[in-house]
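J.: Below are the C-alpha cells for one structure; questions will follow.
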Amino acid sequence: MSARADAIAAGAHAPAAPRRIALDPQGRLWTLLAAATCLLPLLLQLPARMAVAIAAIGAGVAAMAARRALPGWLRLLLALGLLGYVMASSRFAFGRDTGCALLAAMLAIKPVELATLRDARSLLGFALFAPFSTFLLDQGPLSLALGLLGASLALAALLRLSDLESGDVSRATAPWRWLLGVLRLVAIGLPLALAAFWLFPRIATPLWGVPERALARPGLSDRMSPGEWVDFMSDDSPVLRAKFSGPAPPTSRMYWRGPVLWNFDGRTWTQPQWLRGLPPAPVEHAARGWDYEMELEPTDRRQLVALELPTRAPEGAALSYDFGLYVPRPLNALTRWRMHSAPPVAFDPKLKVMLRAMALRLPEGYNPRTLALARQWRREAGADDDAIVARALRWIRADFAYTLTTPLLGRDSVDEFLFEQKAGFCEHFSSAFVVLMRAAGIPARVVTGYAGGYYNRYGDYWVVRRLDAHAWAEVWLQGRGWVRVDPTAAVAPERIYDTLDDRAAGTFGRRLVPVLDMGDWLRRGWNDFVLGFDAARQQRLLRPLGIDQLGQGRLIALFACVAGLALGWMLWLTARSERQRDPLLRAWHRLSARYARLGLARAPHEPAGAWAARVAAARPGASELPTLSARFADWRYARGDGRKQGRRELDELVRALRRHRP
Amino acid sequence: MAMPRQSAIDRTPPGFAGLRARALSWARPRRPEPLPATLDRHRVYILPTAFGWFFLLLLLAMLVGALNYNNNPALLLALLLGGAANTSLFAAHLQLSGLDVVAIDAEPVAAGRPLQLSLHARARQGRERRGLRVECGGSAATLSLDDGAGSATLEIPTRRRGWLDPGRVRLSTTRPLGLARAWAWVWPESPLLVYPAPEANGPPLPTGSGDQAQARLHPAGDDVHHLRAYRRGDPRRAIAWKPSARHGALLVREYEQPVGADIVLDWRAVDGLAWEDRIRRLARWVDEAEREGRRWRLQLPGQPPLGPARGADHRHACLRALALLPFAGGDDVGAR
C-alpha cells in the first residue's frame with residue numbers, strides 16, 4: 001500500500017489509480033436505453049413466450065436495481081432461474097438458437113449490477129453482441145434497422161460514459177449531439193470498414209458448424225397436396241430477381257420451373273428422388289433463348305428454379321432428368337446464377353417405357369368418375385391426344401372458376417373438384433388435369449414453380465414473389481415430347497401472370513406502387529452489394545478490370561494497400577489538424593527546424609533577431625539568416641495592418657524562407 | 001538556484017513499476033522544457049484501456065463468427081464498430097495534439113500546505129477539447145477549454161521548503177469512447193517556491209527598536225481606510241468581504257500608514273535552536289510582523305539585510321530568502 005502511495009506521490013506513475021466512478025442517473029438511462037434497443041431485435045427472433053418472459057424480467061430488474069442494489073443471493077437466484085428456464089425451453093439442446101436465447105437472458109439480468117462506470121461499460125459491451133446474434137438468425141430489414149439503431153445508441157452511451165469519466169457532465173448536451181458524434185466516428189471509420197468488408201479474404205466453407213436455422217423462407221417443396229398453398233400465395237416476399245441481357249420473354253411465357261412431380265397417391269403429388277440420378281433427357285431447344293442473371297433468395301432447399309427450359313446447368317449446379325436444377329448444399333443464403341434458357345422444340349421425344357408407365361400411373365380405386373369420363377373421351381377421340389387435351393381445356397374454360405377459398409377435399413379429391421366444386425386454384429387445376437390425362441392414356445406430370453413476374457423499371461429487372469407460385473401440367477405428345485399445358489391459365493390468366501397492379505387495387509394502392517418498386521430496387525442493391533457477397537464473388541471482384549480470379553495472396557495485398565490508404569488518410573487528417581495555418585509562420589517554423597538539426601534550435605521565447613544573431617555568431621559565413629529574420633520580423637510585427645496589400649511580397653518572403661538552407 | 005532541487009522522482013521502484021519507470025524515461029519530453037510547450041503528435045501516447053481490450057476481444061469474436069458463417073450483416077456490424085473504435089483512437093489523439101501548455105504557476109505556500117498549481121492551456125479553436133485529465137503528484141484535475149483557453153488547478157502536497165520541481169504533469173483523456181487513453185507529458189522547467197513552515201507555537205515578536213513600540217494598529221477600531229483591488233499576496237484577513245460581495249470583485253482594506261517601530265529579525269538572535277527551527281521561527285515572525293502591519297528587517301547570514309520595509313512584497317522577499325537557505329550541512333537527504 002505504502003509503495004503504491006509513494007509511487008503515486010512521485011508523479012511518475014503512468015495510469016491513474018483505478019477509480020470507481022459511480023454512474024449518474026442520466027448515464028444509467030442512456031446505458032439501459034441502448035441495451036434495451038440492442039436486445040429488442042433479438043427478442044423478436046425468440047419464441048414469443050420466452051421473449052416476453054425475458055423482457056419482463058429485464059424491465060423488472062432494471063427498475064429494482066435503480067432503487068437499491070439487490071442482495072447477492074437474489075441476483076444469483078434470478079440468474080440461475082432465468083438460465084434454467086431458457087435451457088429447459090430449448091430442451092437442453094445447446095446450439096445457436098439456445099446460445100442466442102441465453103445471451104438475451106444474460107443481457108436482461110445484467111442490469112442487477114449497474115452502479116459504476118465499469119458495470120455500465122461491460123453491459124454495453126455485451127449488449128453489442130445482441131444485434132450480432134440477431135443477424136445470425138435473421139437478416140430482414142427490421143432486424144437490420146433495429147440492430148444498427150441499437151449499436152449506434154450503445155456507442156452514444158459510451159460517449160456519454162466517457163464524458164462522465166472525464167468529469168465533464170455539467171453541460172447540458174442535446175442527445176442528438178451524441179448521435180452525431182457517433183455518426184462522425186463511424187463515417188470516418190467507414191473506408192477502412194468497407195475495405196475490410198470487400199477485400200478481407202472470406203472463408204469459402206465454414207470452419208465450424210452450419211446455421212441450424214436457415215435465414216430462408218421455405219421454398220417450393222418436392223410435394224404438393226392441392227389446397228395447401230394458400231399461405232404461400234398470399235405472401236408477397238420476393239423469391240428471385242432476374243435481369244435479362246437482351247430481350248425478356250413475355251410474362252405469359254415466364255414459367256419458372258421448379259420440382260416436377262410424378263407420383264400421385266390420391267391426395268399428394270411427390271417427386272421421385274431417383275430421377276435426380278438420371279442424366280438430363282434429350283432436348284432440342286429453340287434457337288432464340290434468353291440470357292439472364294438470377295438472384296435467388298435463400299430457400300433452404302437444394303433445388304433452383306429456372307426459366308423453362310434451361311439449356312445447361314450453371315456452374316455449381318446439375319440438371320436432373322426432368323430438367324430440375326440441383327445444388328449440393330441447401331440454399332441458405334442469397335445466391336446468384338448466370339442462366340441461359342430457351343423454349344423446347346422437342347423435349348424428350350422418345351420417352352422410355354418405364355418412365356412412360358410412371359407418367360401414366362394412377363392410384364387404384366380413386367376418382368372413379370374422372371376415370372370414367374377420361375375413358376369416354378378416349379373412345380370418342382380415338383388416337384388423337386391433341387383433341388383430348390383441347391377438349392379438357394375447353395371444358396375447364398367454360399365451366400370452372402378461380403378461387404383461393406376452397407373447402408377441404410375428401411377422398412376422391414379430383415372427382416370432387418371436377419364434378420362438384422368446379423372452383424379452385426392452380427394446384428387443383430393442374431392436379432385434376434394430370435389425373436384426367438393419365439386416365440385418358442396420355443403421359444402427364446405436374447410441374448411446380450413460379451409463373452409471371454413483375455417488372456421493376458427503376459432497376460430494369462423482374463421480381464418473382466412467393467405469391468407467384470404456380471403449378472401447371474406437362475403432357476407427353478407424340479413427336480413433340482413434353483408440352484406445357486396450363487389449365488389455370490385457361491380459367492384466369494390474369495391471376496397467373498400477375499402484376500402488382502391488380503393486387504394493389506384502388507387509387508391509394510396505385511400511388512404506392514412506385515414507392516414499393518423503389519423499395520424493392522434498393523433491397524436488390526443491398527442484396528447485390530452486401531448480403532450476397534461471399535468468397536466466390538470476392539474472387540470475381542476485379543473481373544470488370546480484367547483480372548479474372550483474385551487469389552488469396554493478391555486479395556491480402558490489395559486489402560493491405562487499401563487499408564494502408566485509409567489509415568494514411570486518417571493520419572494525414574491528424575497531422576493536418578496541427579499544421580500552422582499562417583503560411584509565413586509555417587515557413588519560419590520549418591526554417592527553425594532545419595537549424596534545430598544543427599543544435600541551433602530557436603528557443604520558444606527567443607526573438608527572431610536574437611536567434612539569428614546567435615546563429616550568425618555560431619556559424620560565421622551564414623549571413624543570409626539575419627536578413628531573413630529581419631524581413632520576417634518586419635513583416636510579422638511591424639506591418640500588421642498592411643498584410644493584405646503586399647500579397648506578392650509575402651509570397652516572395654515565404655519562398656525565400658523555404659529555400660533557405662543552413 | 002544553486003540549491004539542490006527537490007525531485008519528484010525519488011527512486012526507481014522495483015518490478016513492474018521499475019519497468020514503467022524505464023518506459024517513462026523514454027517518453028517525451030525527456031528533460032524539463034521551457035513553457036509554452038506544444039503537444040505535437042510525436043509526444044502524444046495512446047494505449048487501450050482495460051475496457052478497450054475487452055472491446056477488442058468482443059470485436060474479434062464477432063469477426064470470426066461472422067466470417068465463419070459468411071454472415072454479411074454481422075460482419076458489417078463488427079467492421080463498423082471496429083472502424084468507429086479505430087477512429088476513436090485518432091479522436092483521442094486529436095484531443096491532445098495541438099494543445100499549447102502556456103504556463104504553470106502557483107502561489108508559494110508554507111511547507112506542509114498543499115500548493116495550488118494552475119496549469120494554463122490554449123489551443124486553436126474549432127475542436128472541442130473538454131474533460132482532459134491533468135495529473136501531477138497524485139492529484140488530479142479536469143481541464144476544459146472554452147473559447148480556446150482553459151486552466152486547471154491541482155493541489156500538490158509540499159513537504160519541505162525550497163524549490164519544488166513538480167516533475168512531469170500528465171494530460172490524458174479517454175474520450176471519446178473510453179476505449180483508449182491518450183496521454184502526453186509536460187515537464188515544465190519553472191520550479192515552484194515553497195516557503196518554510198512557520199513555527200506553530202513560538203515566542204512573540206521581538207520588540208522594536210523605536211520610540212513608538214506600543215503604537216500598534218487596531219484595524220477594528222480604525223475607521224479611516226480605503227479599499228483597493230485584491231493583489232496577489234494580500235493577507236486573507238485584509239479582504240473586505242462585504243464590499244467585495246457588493247462589487248463582485250475582491251477588495252482589500254488598506255489602512256493608513258500604520259505606526260509602529262521597526263523590528264529586527266536577526267538570524268543570530270535565534271541561536272540555541274536547530275538550523276531548521278531557526279528558519280521556522282523567523283518565518284513565523286515574518287508572517288506575524290506582516291499581519292500586524294509593522295516594518296521589519298531580516299538579517300540572514302552571509303546575505304545583505306532585507307528591509308526595513310513592510311508589505312506583501314517584502315514578506316515574499318524575506319520568506320523566499322528563508323526558503324532558499326541551504327539545508328543544514330548541505331545535506332539534502334537529512335531533511336526528508
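By convention in this document, the chains of the C-alpha cells carry letters A, B, ... by their order, each chain's residues are numbered from 1, and ligands are numbered from 1 in the order they are shown.
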Could you tell me which residues of chain B sit within 6 Å of chain A when counting only C-alpha atoms, and give me the result as a PyMOL selection string?
T.: chain B and resi 8-9+68-69+72+74+79-80+83-84+87+98+131+136-138+175-178
J.: Counting only C-alpha atoms, what is within 10 Å of Arg30 in chain B, bar same-chain residues fewer than 3 positions away, as a list in words?
T.: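 Counting only C-alpha atoms, the residues come to Leu24, Ser25, Trp26, Ala27, Glu33, Arg168, Trp185, Val186 and Trp187 of chain B.
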J.: Report as a ChimeraX atom specification all protein, DNA and RNA residues lying within 12 Å of Leu362 in chain A, evaluated on only C-alpha atoms, omitting residues in the same chain fewer than 3 positions from it.
T.: /A:262-269,357-359,365-368,370-371,414,431-432,434-445
J.: Excluding same-chain residues fewer than 5 positions from Tyr458 in chain A, what lies within 12 Å of it counting only C-alpha atoms, as a VMD selection string?
T.: chain A and resid 463 513 to 525
J.: How would the residues just chosen look if you wrote them out with C-alpha atoms as a short mmCIF file (atom, residue, chain, number, x, y, z; two decimals), in the first residue's frame?
T.:
data_model
loop_
_atom_site.label_atom_id
_atom_site.label_comp_id
_atom_site.auth_asym_id
_atom_site.auth_seq_id
_atom_site.Cartn_x
_atom_site.Cartn_y
_atom_site.Cartn_z
CA VAL A 463 -39.02 -9.79 -59.48
CA VAL A 513 -46.60 1.30 -56.50
CA PRO A 514 -43.59 3.50 -57.41
CA VAL A 515 -42.60 3.61 -53.75
CA LEU A 516 -42.77 -0.17 -53.48
CA ASP A 517 -40.80 -0.53 -56.70
CA MET A 518 -38.15 1.82 -55.44
CA GLY A 519 -38.01 -0.09 -52.16
CA ASP A 520 -37.53 -3.38 -53.95
CA TRP A 521 -34.85 -1.87 -56.13
CA LEU A 522 -32.98 -0.63 -53.07
CA ARG A 523 -33.33 -4.01 -51.49
CA ARG A 524 -31.90 -5.61 -54.59
CA GLY A 525 -28.92 -3.29 -54.41
#
J.: For Pro32 in chain B, work out the shell of residues within 10 Å, counting only C-alpha atoms and skipping chain neighbours fewer than 3 positions away, then give it as a count of residues only.
T.: 11
J.: Considering only C-alpha atoms, return as an mmCIF file with N, CA and C atoms, in the first residue's frame whatever protein or nucleic-acid residues lie within 6 Å of Leu154 in chain B, sequence-local ones (same chain, fewer than 6 positions apart) excluded.
T.:
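Result file part.cif:
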data_model
loop_
_atom_site.group_PDB
_atom_site.id
_atom_site.type_symbol
_atom_site.label_atom_id
_atom_site.label_comp_id
_atom_site.auth_asym_id
_atom_site.auth_seq_id
_atom_site.Cartn_x
_atom_site.Cartn_y
_atom_site.Cartn_z
ATOM 1 N N GLN B 116 -1.363 25.194 -4.680
ATOM 2 C CA GLN B 116 -2.390 25.247 -5.731
ATOM 3 C C GLN B 116 -1.710 25.531 -7.055
ATOM 4 N N LEU B 117 -1.473 24.455 -7.797
ATOM 5 C CA LEU B 117 -0.748 24.602 -9.053
ATOM 6 C C LEU B 117 -1.746 24.795 -10.184
ATOM 7 N N ALA B 141 -6.956 16.944 -11.762
ATOM 8 C CA ALA B 141 -7.959 17.970 -12.006
ATOM 9 C C ALA B 141 -8.430 17.822 -13.446
#
J.: Report the distance between CA of Tyr230 in chain B and CA of Ala309 in chain B in Å, rounded to one decimal place.
T.: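 Computing the Euclidean distance for CA of Tyr230 in chain B and CA of Ala309 in chain B yields 20.1 Å.
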J.: Would you please give, as a count of residues only, all residues of range 4-170 of chain B that DSSP assigns to strand (DSSP E) based on the backbone?
T.: 50
J.: Looking at only C-alpha atoms, which of B:Phe90, B:Trp285, B:Trp296, B:Phe54 is the one that sits closest to Ala197 in chain B?
T.: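 When distances to Ala197 in chain B are compared using only C-alpha atoms, the smallest one comes from B:Trp285.
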J.: Using CA of Arg655 in chain A and CA of Arg576 in chain A as the two end points, give the distance in Å to one decimal.
T.: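 Going from CA of Arg655 in chain A over to CA of Arg576 in chain A, I get 20.7 Å.
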J.: Residues at most 7 Å from Thr49 in chain B, counting only C-alpha atoms, excluding those fewer than 2 positions away in the same chain, as number ranges by chain?
T.: B: 47, 51-53, 179-181
J.: Restricting it to C-alpha atoms, dump the selection as a PDB file, in the first residue's frame.
T.:
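Output file part.pdb follows:
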ATOM      1  CA  LEU B  47      -2.808   2.703 -25.274  1.00  0.00           C
ATOM      2  CA  PHE B  51     -12.356  -1.725 -21.466  1.00  0.00           C
ATOM      3  CA  GLY B  52     -10.596  -1.221 -24.792  1.00  0.00           C
ATOM      4  CA  TRP B  53      -9.043  -4.694 -24.580  1.00  0.00           C
ATOM      5  CA  LEU B 179     -11.522   2.528 -25.364  1.00  0.00           C
ATOM      6  CA  ALA B 180      -8.083   4.037 -25.180  1.00  0.00           C
ATOM      7  CA  ARG B 181      -6.244   6.512 -23.069  1.00  0.00           C
TER       8      ARG B 181
END
J.: Could you go through range 161-303 of chain B and tell me which residues DSSP, when run on the backbone, assigns to helix (DSSP H, G or I), listing them as a PyMOL selection string?
T.: chain B and resi 236-238+241-247+267-270+275-291
J.: Grab the CA of Ser592 in chain A to CA of Ala123 in chain B distance for me, in Å with one decimal place.
T.: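 Interatomic distance, CA of Ser592 in chain A to CA of Ala123 in chain B: 21.5 Å.
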